[in-house]
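Participant: My structure is in structure-v2.txt, and what it holds is compact mmCIF, C-alpha atoms and all ligand atoms:
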```txt
# COMPACT_ATOMS: atom_id res chain seq x y z
CA MET A 87 -26.05 41.73 1.81
CA LEU A 88 -26.02 38.77 4.19
CA ALA A 89 -22.64 37.26 4.92
CA SER A 90 -23.96 33.88 3.76
CA ASP A 91 -24.95 35.42 0.38
CA MET A 92 -21.49 36.88 -0.01
CA THR A 93 -19.90 33.54 0.73
CA HIS A 94 -22.23 31.90 -1.73
CA ARG A 95 -21.37 34.46 -4.43
CA ALA A 96 -17.66 34.23 -3.76
CA ARG A 97 -17.83 30.48 -4.02
CA ARG A 98 -19.87 30.59 -7.19
CA GLY A 99 -17.54 33.22 -8.63
CA ARG A 100 -14.53 31.02 -8.03
CA GLY A 101 -16.35 28.10 -9.57
CA MET A 102 -17.18 30.13 -12.68
CA THR A 103 -13.63 31.34 -13.05
CA SER A 104 -12.23 27.85 -12.92
CA GLN A 105 -14.96 26.63 -15.29
CA ARG A 106 -13.80 29.20 -17.85
CA THR A 107 -10.14 28.24 -17.43
CA ARG A 108 -11.09 24.55 -17.64
CA ASP A 109 -13.00 25.22 -20.86
CA ARG A 110 -9.93 26.94 -22.29
CA MET A 111 -7.76 24.00 -21.24
CA VAL A 112 -10.11 21.59 -23.00
CA GLU A 113 -10.09 23.68 -26.20
CA ARG A 114 -6.30 23.47 -26.12
CA LEU A 115 -6.45 19.69 -25.56
CA ALA A 116 -8.62 19.34 -28.67
CA ASP A 117 -6.08 21.49 -30.61
CA GLN A 118 -3.35 19.19 -29.32
CA GLY A 119 -5.07 16.20 -30.91
CA ILE A 120 -7.21 14.75 -28.08
CA VAL A 121 -10.33 13.41 -29.80
CA ASP A 122 -12.11 11.29 -27.16
CA GLU A 123 -15.24 13.32 -26.32
CA ARG A 124 -15.70 11.61 -22.95
CA VAL A 125 -12.14 12.42 -21.89
CA LEU A 126 -12.64 16.06 -22.91
CA ALA A 127 -15.98 16.24 -21.09
CA VAL A 128 -14.59 14.73 -17.89
CA MET A 129 -11.56 17.03 -17.89
CA ALA A 130 -13.87 20.00 -18.42
CA GLU A 131 -15.78 18.98 -15.28
CA GLU A 132 -13.16 17.89 -12.78
CA PRO A 133 -11.26 20.31 -10.50
CA ARG A 134 -7.55 19.92 -11.36
CA HIS A 135 -6.77 22.89 -9.06
CA LEU A 136 -7.62 20.77 -6.00
CA PHE A 137 -4.75 18.40 -6.85
CA VAL A 138 -1.88 20.87 -6.37
CA ASP A 139 -0.79 23.07 -3.46
CA GLU A 140 -2.99 26.10 -2.98
CA ALA A 141 -0.07 28.36 -3.97
CA LEU A 142 -0.03 26.71 -7.42
CA ALA A 143 -3.79 26.41 -7.88
CA HIS A 144 -3.89 29.42 -10.25
CA ARG A 145 -1.58 27.53 -12.64
CA ALA A 146 -3.50 24.25 -12.50
CA TYR A 147 -5.08 24.62 -15.98
CA GLU A 148 -1.95 25.79 -17.79
CA ASP A 149 -0.25 23.60 -20.36
CA THR A 150 2.44 22.53 -17.92
CA SER A 151 3.44 19.90 -15.39
CA LEU A 152 3.45 21.03 -11.75
CA PRO A 153 5.45 19.96 -8.67
CA LEU A 154 3.73 17.71 -6.12
CA GLY A 155 6.50 17.73 -3.53
CA PHE A 156 8.84 14.78 -2.85
CA GLY A 157 10.48 15.45 -6.25
CA GLN A 158 7.34 14.26 -8.07
CA THR A 159 5.24 16.02 -10.70
CA LEU A 160 1.64 16.18 -11.82
CA SER A 161 1.75 15.58 -15.58
CA ARG A 162 0.69 18.18 -18.19
CA PRO A 163 -3.04 18.11 -18.95
CA VAL A 164 -2.35 16.83 -22.48
CA THR A 165 -0.36 13.90 -21.09
CA VAL A 166 -3.15 12.96 -18.66
CA ALA A 167 -5.66 13.29 -21.50
CA ARG A 168 -3.60 11.15 -23.87
CA MET A 169 -3.12 8.37 -21.29
CA SER A 170 -6.82 8.53 -20.38
CA GLU A 171 -7.76 8.24 -24.05
CA LEU A 172 -5.53 5.18 -24.44
CA VAL A 173 -7.09 3.52 -21.39
CA HIS A 174 -10.69 4.44 -22.29
CA ARG A 175 -10.31 3.02 -25.80
CA GLU A 176 -9.70 -0.44 -24.28
CA ALA A 177 -13.07 -0.31 -22.46
CA PRO A 178 -11.42 -2.21 -19.61
CA GLY A 179 -13.21 -3.95 -16.75
CA ARG A 180 -10.30 -3.49 -14.36
CA VAL A 181 -7.47 -0.98 -14.41
CA LEU A 182 -4.29 -0.74 -12.36
CA GLU A 183 -2.47 2.60 -12.25
CA LEU A 184 1.05 2.72 -10.85
CA GLY A 185 2.05 6.11 -9.47
CA THR A 186 -1.07 7.74 -7.96
CA GLY A 187 0.85 10.97 -7.27
CA SER A 188 -1.72 13.71 -6.77
CA GLY A 189 -4.58 11.39 -7.71
CA TYR A 190 -5.68 13.59 -10.66
CA GLN A 191 -5.09 10.93 -13.32
CA THR A 192 -6.84 8.43 -11.02
CA LEU A 193 -9.83 10.76 -10.75
CA ILE A 194 -10.13 11.15 -14.53
CA LEU A 195 -9.87 7.38 -15.03
CA SER A 196 -12.46 6.70 -12.35
CA ARG A 197 -14.98 8.83 -14.30
CA LEU A 198 -14.28 6.93 -17.54
CA VAL A 199 -14.08 3.28 -16.53
CA SER A 200 -14.98 1.14 -13.54
CA GLY A 201 -12.62 -0.92 -11.43
CA VAL A 202 -9.81 1.62 -11.06
CA HIS A 203 -7.00 0.61 -8.68
CA SER A 204 -3.99 2.79 -8.02
CA VAL A 205 -0.73 2.25 -6.13
CA GLU A 206 1.68 4.92 -4.80
CA ARG A 207 5.03 4.32 -3.08
CA ILE A 208 5.13 7.60 -1.10
CA PRO A 209 2.69 7.26 1.84
CA ALA A 210 2.17 11.04 2.22
CA LEU A 211 1.12 11.35 -1.44
CA TYR A 212 -1.12 8.29 -1.09
CA GLN A 213 -2.85 9.83 1.95
CA ARG A 214 -3.40 13.17 0.25
CA ALA A 215 -4.73 11.54 -2.92
CA ALA A 216 -7.02 9.27 -0.89
CA ARG A 217 -8.55 12.28 0.91
CA ARG A 218 -9.08 14.23 -2.31
CA LEU A 219 -10.62 11.32 -4.19
CA GLU A 220 -12.89 10.44 -1.30
CA SER A 221 -14.15 14.01 -1.00
CA LEU A 222 -14.95 14.00 -4.74
CA GLY A 223 -16.71 10.64 -4.49
CA ALA A 224 -14.35 9.01 -6.99
CA PRO A 225 -14.76 5.24 -7.02
CA ALA A 226 -11.10 4.12 -6.98
CA ARG A 227 -9.22 1.75 -4.68
CA LEU A 228 -5.86 3.06 -3.51
CA ARG A 229 -2.90 1.52 -1.81
CA ALA A 230 0.52 2.61 -0.53
CA ALA A 231 2.97 0.03 -1.87
CA ASP A 232 5.70 -0.61 -4.42
CA GLY A 233 3.74 -0.76 -7.65
CA ARG A 234 6.44 -2.82 -9.37
CA ARG A 235 4.79 -5.82 -7.74
CA GLY A 236 1.40 -4.85 -9.13
CA TRP A 237 -1.59 -5.62 -6.90
CA PRO A 238 -1.76 -9.42 -6.77
CA GLY A 239 -4.92 -9.51 -4.63
CA ALA A 240 -6.88 -7.44 -7.18
CA ALA A 241 -5.45 -8.91 -10.43
CA ILE A 242 -6.21 -9.71 -13.29
CA PHE A 243 -6.23 -6.26 -15.00
CA ASP A 244 -7.24 -5.36 -18.54
CA VAL A 245 -5.08 -2.25 -18.46
CA ILE A 246 -2.00 -1.47 -16.39
CA LEU A 247 -0.95 2.18 -16.67
CA LEU A 248 2.39 3.45 -15.42
CA THR A 249 2.67 7.16 -14.71
CA ALA A 250 6.39 6.86 -13.96
CA CYS A 251 9.10 5.75 -16.38
CA ALA A 252 10.47 2.18 -16.23
CA SER A 253 13.64 0.97 -17.93
CA ALA A 254 12.49 -2.66 -17.92
CA LEU A 255 9.03 -4.08 -17.42
CA PRO A 256 8.61 -5.80 -14.05
CA SER A 257 7.52 -9.36 -14.85
CA ALA A 258 4.98 -9.32 -11.98
CA LEU A 259 3.04 -6.70 -13.95
CA LEU A 260 2.87 -8.73 -17.13
CA GLU A 261 1.62 -11.73 -15.14
CA GLN A 262 -1.25 -9.62 -13.80
CA LEU A 263 -2.37 -8.59 -17.28
CA SER A 264 -5.35 -10.31 -18.91
CA ASP A 265 -4.96 -12.08 -22.26
CA GLY A 266 -5.54 -9.31 -24.81
CA GLY A 267 -4.89 -6.69 -22.12
CA VAL A 268 -2.45 -3.79 -22.44
CA LEU A 269 0.22 -2.20 -20.39
CA ILE A 270 0.70 1.49 -21.18
CA ALA A 271 3.94 2.93 -19.89
CA PRO A 272 6.70 5.43 -20.47
CA LEU A 273 9.71 3.19 -21.17
CA ALA A 274 13.31 4.39 -21.26
CA THR A 275 15.59 3.34 -24.11
CA ALA A 276 19.30 2.55 -23.58
CA ASP A 277 20.26 6.08 -24.67
CA GLY A 278 17.93 7.70 -22.13
CA GLU A 279 14.99 8.59 -24.39
CA GLN A 280 11.51 7.95 -23.04
CA TRP A 281 8.73 6.59 -25.22
CA LEU A 282 5.11 6.14 -24.30
CA THR A 283 4.75 2.46 -25.15
CA ARG A 284 1.80 0.10 -25.46
CA VAL A 285 2.46 -3.57 -24.73
CA ARG A 286 -0.38 -5.92 -25.62
CA ARG A 287 -0.40 -9.43 -24.23
CA HIS A 288 -1.47 -12.27 -26.54
CA GLY A 289 -1.16 -15.45 -24.50
CA HIS A 290 2.55 -15.78 -23.87
CA THR A 291 3.67 -13.27 -26.46
CA LEU A 292 3.92 -9.51 -26.08
CA GLU A 293 3.40 -7.03 -28.87
CA GLN A 294 5.16 -3.75 -28.18
CA GLN A 295 4.39 -0.47 -29.91
CA ARG A 296 6.11 2.90 -29.40
CA LEU A 297 3.58 5.72 -29.47
CA GLU A 298 5.30 9.04 -28.80
CA PRO A 299 8.26 10.58 -26.96
CA VAL A 300 7.45 11.65 -23.38
CA ARG A 301 9.11 12.90 -20.19
CA PHE A 302 8.26 11.28 -16.83
CA VAL A 303 9.84 10.87 -13.39
CA PRO A 304 11.37 7.40 -12.85
CA LEU A 305 9.59 4.37 -11.45
CA LEU A 306 11.51 3.68 -8.25
CA GLU A 307 11.94 0.63 -6.10
CA GLY A 308 10.46 0.08 -2.65
CA VAL A 309 8.02 1.94 -0.43
CA VAL A 310 9.11 5.14 1.30
CA GLN A 311 8.99 4.82 5.07
CA GLY A 312 7.16 7.34 7.25
CA THR A 313 4.61 9.90 6.19
CA GLY A 314 6.98 12.79 5.31
N1 LIG A 401 -0.34 10.38 -12.25
C1 LIG A 401 0.19 11.31 -11.28
C2 LIG A 401 1.59 11.75 -11.62
C3 LIG A 401 2.50 10.98 -10.83
S1 LIG A 401 4.23 11.27 -10.90
C4 LIG A 401 -0.71 12.48 -11.11
O1 LIG A 401 -1.70 12.59 -11.84
O2 LIG A 401 -0.45 13.29 -10.22
C5 LIG A 401 4.72 9.59 -10.68
C6 LIG A 401 4.34 8.97 -9.35
O3 LIG A 401 4.81 7.62 -9.38
C7 LIG A 401 4.99 9.62 -8.14
O4 LIG A 401 4.00 9.97 -7.23
C8 LIG A 401 5.91 8.53 -7.60
O5 LIG A 401 6.04 8.56 -6.19
C9 LIG A 401 5.21 7.28 -8.08
N2 LIG A 401 6.05 6.08 -8.14
C10 LIG A 401 7.34 5.96 -8.58
N3 LIG A 401 7.76 4.69 -8.48
C11 LIG A 401 6.71 3.97 -7.97
C12 LIG A 401 6.52 2.60 -7.62
N4 LIG A 401 7.48 1.68 -7.76
N5 LIG A 401 5.31 2.22 -7.13
C13 LIG A 401 4.31 3.12 -6.96
N6 LIG A 401 4.43 4.43 -7.26
C14 LIG A 401 5.62 4.85 -7.75
```
Please rewrite the model in this file as structure tokens.

Facilitator:
Amino acid sequence: MLASDMTHRARRGRGMTSQRTRDRMVERLADQGIVDERVLAVMAEEPRHLFVDEALAHRAYEDTSLPLGFGQTLSRPVTVARMSELVHREAPGRVLELGTGSGYQTLILSRLVSGVHSVERIPALYQRAARRLESLGAPARLRAADGRRGWPGAAIFDVILLTACASALPSALLEQLSDGGVLIAPLATADGEQWLTRVRRHGHTLEQQRLEPVRFVPLLEGVVQGTG
């Protein structure tokens, strides 16, 4: 057999293996209550294993969060699916994600809606995510900055999604939300519980709804210096 054939087979073999594990992940997501067919289809297609260190790639489709380095974590598939479902339902024109992390949630969003923007405070994570998303041809705009300030130059947004937990909502974010738009965020209560919360803006009033208990890393202040 030609070496090029072997390479081709090996590559295809790997692809088929991860397709089977992705299909199993998606069956589990449906069992866990994810109903949006587009979200399920996109997550069945996209390579989650490329968003973690190679040493963890074999665990990429398990029902678990995984370390990204810098004390950060890639959320469980069901959490990414749930957030994606909440965003997709709004049929937004423009989305701002705070906490790019690995870029996996950004990738899924970019396949569901247009106008995805994402901000990450750790430059090394931003750079890695930017490379991955570019190589997959994902149409998202990324930036290394403190997401608590939003992205004034790209506002207004129909959805702002936080993938890190805030204890209070930065007012800059609410100002960058369209009338009727929603902010979806893990919010911490005074006794340390975290709730996935949807805040809808109606003019100057905010309607807040707790959706489900969650566990996220904290939204931190400032941009990390250097590239780690
Ligand atoms: N959605 C990510 C998971 C990210 S974990 C994924 O799919 O991989 C949360 C991320 O939020 C971390 O990368 C962390 O560095 C980032 N973060 C925390 N505070 C932030 C802030 N103020 N601005 C921007 N990003 C922030």

Participant: For a test of reading the model, state the distance in Å between atom CA of A:Ala146 and atom CA of A:Glu298, rounded to one decimal.

Facilitator: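 Rounded to one decimal, the two atoms are 24.0 Å apart.
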
Participant: Find the residues near stretch 182-187 of chain A: any atom within 9 Å, counting all atoms listed in the file, skip ones fewer than 6 places away on the same chain, and give them as JSON, numbers by chain.

Facilitator: {"A": [154, 158, 159, 160, 201, 202, 203, 204, 205, 206, 207, 208, 211, 212, 214, 215, 228, 229, 232, 233, 234, 236, 237, 240, 241, 243, 244, 245, 246, 247, 248, 249, 250, 305]}

Participant: Restricting the output to C-alpha atoms, write the selected residues as a JSON list (two decimals), in the frame of the given file.

Facilitator:
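This is the output file part-v7.json:
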```json
[["chain", "number", "residue", "atom", "x", "y", "z"],
["A", 154, "LEU", "CA", 3.73, 17.71, -6.12],
["A", 158, "GLN", "CA", 7.34, 14.26, -8.07],
["A", 159, "THR", "CA", 5.24, 16.02, -10.70],
["A", 160, "LEU", "CA", 1.64, 16.18, -11.82],
["A", 201, "GLY", "CA", -12.62, -0.92, -11.43],
["A", 202, "VAL", "CA", -9.81, 1.62, -11.06],
["A", 203, "HIS", "CA", -7.00, 0.61, -8.68],
["A", 204, "SER", "CA", -3.99, 2.79, -8.02],
["A", 205, "VAL", "CA", -0.73, 2.25, -6.13],
["A", 206, "GLU", "CA", 1.68, 4.92, -4.80],
["A", 207, "ARG", "CA", 5.03, 4.32, -3.08],
["A", 208, "ILE", "CA", 5.13, 7.60, -1.10],
["A", 211, "LEU", "CA", 1.12, 11.35, -1.44],
["A", 212, "TYR", "CA", -1.12, 8.29, -1.09],
["A", 214, "ARG", "CA", -3.40, 13.17, 0.25],
["A", 215, "ALA", "CA", -4.73, 11.54, -2.92],
["A", 228, "LEU", "CA", -5.86, 3.06, -3.51],
["A", 229, "ARG", "CA", -2.90, 1.52, -1.81],
["A", 232, "ASP", "CA", 5.70, -0.61, -4.42],
["A", 233, "GLY", "CA", 3.74, -0.76, -7.65],
["A", 234, "ARG", "CA", 6.44, -2.82, -9.37],
["A", 236, "GLY", "CA", 1.40, -4.85, -9.13],
["A", 237, "TRP", "CA", -1.59, -5.62, -6.90],
["A", 240, "ALA", "CA", -6.88, -7.44, -7.18],
["A", 241, "ALA", "CA", -5.45, -8.91, -10.43],
["A", 243, "PHE", "CA", -6.23, -6.26, -15.00],
["A", 244, "ASP", "CA", -7.24, -5.36, -18.54],
["A", 245, "VAL", "CA", -5.08, -2.25, -18.46],
["A", 246, "ILE", "CA", -2.00, -1.47, -16.39],
["A", 247, "LEU", "CA", -0.95, 2.18, -16.67],
["A", 248, "LEU", "CA", 2.39, 3.45, -15.42],
["A", 249, "THR", "CA", 2.67, 7.16, -14.71],
["A", 250, "ALA", "CA", 6.39, 6.86, -13.96],
["A", 305, "LEU", "CA", 9.59, 4.37, -11.45]]
```

Participant: From (1.3, -10.5, -17.2), in the file's coordinates, out to 12 Å: which residues are reached, counting only C-alpha atoms? Answer as a count of residues only.

Facilitator: 33

Participant: Could you tell me which of A:Asp109, A:Arg296, A:Arg217, A:Gly157 comes closest to A:Leu136 if we count all atoms listed in the file?

Facilitator: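 For A:Leu136, the nearest of the given residues is A:Arg217.
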
Participant: Select, from A:Arg168, A:Arg284, A:Arg175, A:Arg162, the residue with the minimum atom-to-atom distance to ligand LIG 401 (chain A), counting all atoms listed in the file.

Facilitator: A:Arg162

Participant: Taking the point (-9.5, 16.8, -14.9) as given in the file, collect each protein or nucleic acid residue that comes within 9 Å of it, counting only C-alpha atoms, and present the set as a list of chain:residue names.

Facilitator: A:Arg108, A:Val125, A:Leu126, A:Ala127, A:Val128, A:Met129, A:Ala130, A:Glu131, A:Glu132, A:Pro133, A:Arg134, A:His135, A:Pro163, A:Val166, A:Ala167, A:Tyr190, A:Gln191, A:Leu193, A:Ile194

Participant: Grab the atom CA of A:Trp281 to atom CA of A:Arg110 distance for me, in Å with one decimal place.

Facilitator: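 Straight-line distance from atom CA of A:Trp281 to atom CA of A:Arg110 works out to 27.8 Å.
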
Participant: Which distance in Å separates atom C12 of ligand LIG 401 (chain A) and atom CA of A:Pro209, to one decimal?

Facilitator: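 Distance between the two atoms: 11.2 Å.
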
Participant: Find the smallest box with edges along x, y and z containing every listed atom of ligand LIG 401 (chain A), then add 4 Å on each side and report centre and edge lengths in Å to one decimal, as lines of an AutoDock Vina configuration file.

Facilitator:
```
center_x = 3.0
center_y = 7.5
center_z = -9.2
size_x = 17.5
size_y = 19.6
size_z = 14.1
```

Participant: From the list A:Gly223, A:Gly179, A:Pro304, A:Gly278, which residue is nearest ligand LIG 401 (chain A) when using only C-alpha atoms and all ligand atoms?

Facilitator: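 Between A:Gly223, A:Gly179, A:Pro304, A:Gly278, the residue approaching ligand LIG 401 (chain A) most closely is A:Pro304.
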
Participant: Might you pull out every residue within 7 Å of A:Ala274, with all atoms listed in the file counted and same-chain residues fewer than 2 positions away left off, and present them as a PDB file with C-alpha atoms, in the coordinates of the input?

Facilitator:
```
ATOM      1  CA  CYS A 251       9.100   5.750 -16.380  1.00  0.00           C
ATOM      2  CA  ALA A 252      10.470   2.180 -16.230  1.00  0.00           C
ATOM      3  CA  SER A 253      13.640   0.970 -17.930  1.00  0.00           C
ATOM      4  CA  PRO A 272       6.700   5.430 -20.470  1.00  0.00           C
ATOM      5  CA  ALA A 276      19.300   2.550 -23.580  1.00  0.00           C
ATOM      6  CA  GLY A 278      17.930   7.700 -22.130  1.00  0.00           C
ATOM      7  CA  GLU A 279      14.990   8.590 -24.390  1.00  0.00           C
ATOM      8  CA  GLN A 280      11.510   7.950 -23.040  1.00  0.00           C
ATOM      9  CA  TRP A 281       8.730   6.590 -25.220  1.00  0.00           C
TER      10      TRP A 281
END
```

Participant: Given only C-alpha atoms and all ligand atoms as the basis, pick out the residue of A:Thr275, A:Thr192, A:Ser104, A:Gln118 nearest to ligand LIG 401 (chain A).

Facilitator: A:Thr192

Participant: Considering only C-alpha atoms and all ligand atoms, can you say which of A:Ile120, A:Ile270, A:Val112, A:Ala231 comes closest to ligand LIG 401 (chain A)?

Facilitator: A:Ala231

Participant: Rank A:Gln213, A:Val181, A:Thr165, A:Glu176 by their smallest atom-to-atom distance to A:Val300, using all atoms listed in the file, and report the top residue only.

Facilitator: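 So, comparing all the options, the nearest one is A:Thr165.
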